[in-house]
Amino acid sequence: MVELTRDVVLEALGRVRGPDLDRSIVELKMVSDIFISDGKVYFSINVPAERAQELEPLRQAAERTVKALPGVKGAVVSLTAERKQGAAPPPPRPSAAAPAHSHGHAPAPSGPQRSKAGVPGIEAIIAVASGKGGVGKSTTAVNLALALKANGLRVGILDADVYGPSMPRLLGITGRPQQIENRIIVPMENFGIKVMSMGFLVDEGTAMIWRGPMVQSALMQMLREVAWGDLDVLVVDMPPGTGDAQLTMAQQVPLSGAVVVSTPQDLALIDARKGLNMFNKVEVPVLGIVENMSYFIAPDTGNRYDIFGHGGARAEAEKIGVPFLGEVPLTISIREHSDDGTPIVVAEPEGPQANVYRSIAEKVWAEVKARSGRAAPTIVFE
């Protein structure tokens, strides 16, 4: 059997004619970087933004061609469009992932957010972000999602960190999601919440070497081509920093707001400010700041230690005028349960740490409802 390589895929795609029917999509340099993992092939086709819908048959032809290759278990092919500076973005394609209901809508904030297509069935989308890595953002995101579920909401979580997905391990989920008709993916599920992550599609040790357009395409596919069903809230675990993935989510998704995670020390707060500034520039409301690793309680003596300082995030929230959502302590139990795939909110639902997350969840949801109540009339998908 011929080894499945990038060159083999390119040779096959050389038989797929481009939109001019004269040369192939390879000759026209329309094919992005090709990523192969566990028999699955991932790539995108760059097309003019105004012709994206018209050229959907081209994408389907490329997908069929690659799937027909020996050794290919599946193919993920997306259309992308690189816009010139200052060009208006094309409207995102509505998802057929879930049946539309009159109560399934995304709040319609004022300003540029009105032009962003919501996801049918999802009422609110909340981003959990940080200015830098290593502050416990993913742990905060998963426990926030589970706390929202414990507070009675229908919840999903999207792992938007393509390069370092954490949700499969944090939620103890293994296996691959199923794909149904129209390329729609059935999300994985555990502890009563629906989950989608690139970590379900590639092996844990695989290095994702993707350029910006591929990351953007993968994020939109995981958001809009997944059968989320009816959800009160989708929590998005953003990658750290302020790069392509963050801007894609902020600019193309009607986010109800963002939760920013930081540790107390000055260095982390400097980076957190960058994240806050990014959301302000794209007019995504900041729902509040969480101070993670706020203090340490020694398990043997009960003594408290402010290892990273204390109160910096609260002071920053007061300074810039956004809500302070709460302090999450640095404890061994949070780390151990995260590593075991049973986050603290489900492992110790009546414990003090779970109560902290549930309190944060209550404040976050209250902010979402208050802001959606002040917004323009909501968009209803008939």
# chains A, B, ... in the order shown; residues from 1 in each chain; ligands from 1
>>> residues_around(residues="Ile173 (chain A)", least_positions_apart="5", cutoff="10 Å", atoms="only C-alpha atoms", output="list in words")
Met167, Pro168, Met188, Glu189, Asn190, Val195, Gly199, Phe200 and Gly341 of chain A
>>> residues_around(residues="region 216-222 of chain A", least_positions_apart="5", cutoff="7 Å", atoms="only C-alpha atoms", output="number ranges by chain")
A: 78, 80, 160, 196, 245, 248
>>> closest_atom_pairs(of="region 171-243 of chain A", to="region 122-131 of chain A", cutoff="7 Å", atoms="only C-alpha atoms", output="JSON lines")
{"residue": "A:Asp230", "atom": "CA", "partner": "A:Ile122", "partner_atom": "CA", "distance": 5.8}
{"residue": "A:Leu231", "atom": "CA", "partner": "A:Ile122", "partner_atom": "CA", "distance": 4.8}
{"residue": "A:Asp232", "atom": "CA", "partner": "A:Glu123", "partner_atom": "CA", "distance": 5.0}
{"residue": "A:Val233", "atom": "CA", "partner": "A:Ala124", "partner_atom": "CA", "distance": 4.7}
{"residue": "A:Leu234", "atom": "CA", "partner": "A:Ile125", "partner_atom": "CA", "distance": 4.8}
{"residue": "A:Val235", "atom": "CA", "partner": "A:Ile126", "partner_atom": "CA", "distance": 4.9}
{"residue": "A:Val236", "atom": "CA", "partner": "A:Ala127", "partner_atom": "CA", "distance": 4.7}
{"residue": "A:Asp237", "atom": "CA", "partner": "A:Val128", "partner_atom": "CA", "distance": 5.2}
{"residue": "A:Met238", "atom": "CA", "partner": "A:Ala129", "partner_atom": "CA", "distance": 5.2}
{"residue": "A:Pro239", "atom": "CA", "partner": "A:Ala129", "partner_atom": "CA", "distance": 6.9}
{"residue": "A:Pro240", "atom": "CA", "partner": "A:Ser130", "partner_atom": "CA", "distance": 5.2}
{"residue": "A:Gly241", "atom": "CA", "partner": "A:Gly131", "partner_atom": "CA", "distance": 4.5}
{"residue": "A:Thr242", "atom": "CA", "partner": "A:Gly131", "partner_atom": "CA", "distance": 7.0}
>>> write_last_selection(atoms="C-alpha atoms", output="PDB file, in the first residue's frame")
ATOM      1  CA  ASP A 230     -30.774  23.489  22.104  1.00  0.00           C
ATOM      2  CA  LEU A 231     -28.367  25.078  24.603  1.00  0.00           C
ATOM      3  CA  ASP A 232     -28.789  27.948  27.030  1.00  0.00           C
ATOM      4  CA  VAL A 233     -25.084  28.670  26.826  1.00  0.00           C
ATOM      5  CA  LEU A 234     -21.995  27.564  24.916  1.00  0.00           C
ATOM      6  CA  VAL A 235     -18.722  28.179  26.777  1.00  0.00           C
ATOM      7  CA  VAL A 236     -15.748  28.698  24.452  1.00  0.00           C
ATOM      8  CA  ASP A 237     -12.323  27.902  25.890  1.00  0.00           C
ATOM      9  CA  MET A 238     -10.177  30.353  23.929  1.00  0.00           C
ATOM     10  CA  PRO A 239      -6.466  29.873  23.299  1.00  0.00           C
ATOM     11  CA  PRO A 240      -4.206  32.142  25.360  1.00  0.00           C
ATOM     12  CA  GLY A 241      -3.128  35.452  23.891  1.00  0.00           C
ATOM     13  CA  THR A 242      -4.611  37.639  21.160  1.00  0.00           C
TER      14      THR A 242
END
>>> atom_distance(atom1="CA of Ala366 (chain A)", atom2="CA of Ile320 (chain A)")
19.6 Å
>>> closest_residue(among="A:Arg371, A:Arg154, A:Lys149, A:Lys132", to="Arg273 (chain A)", atoms="only C-alpha atoms")
A:Lys132
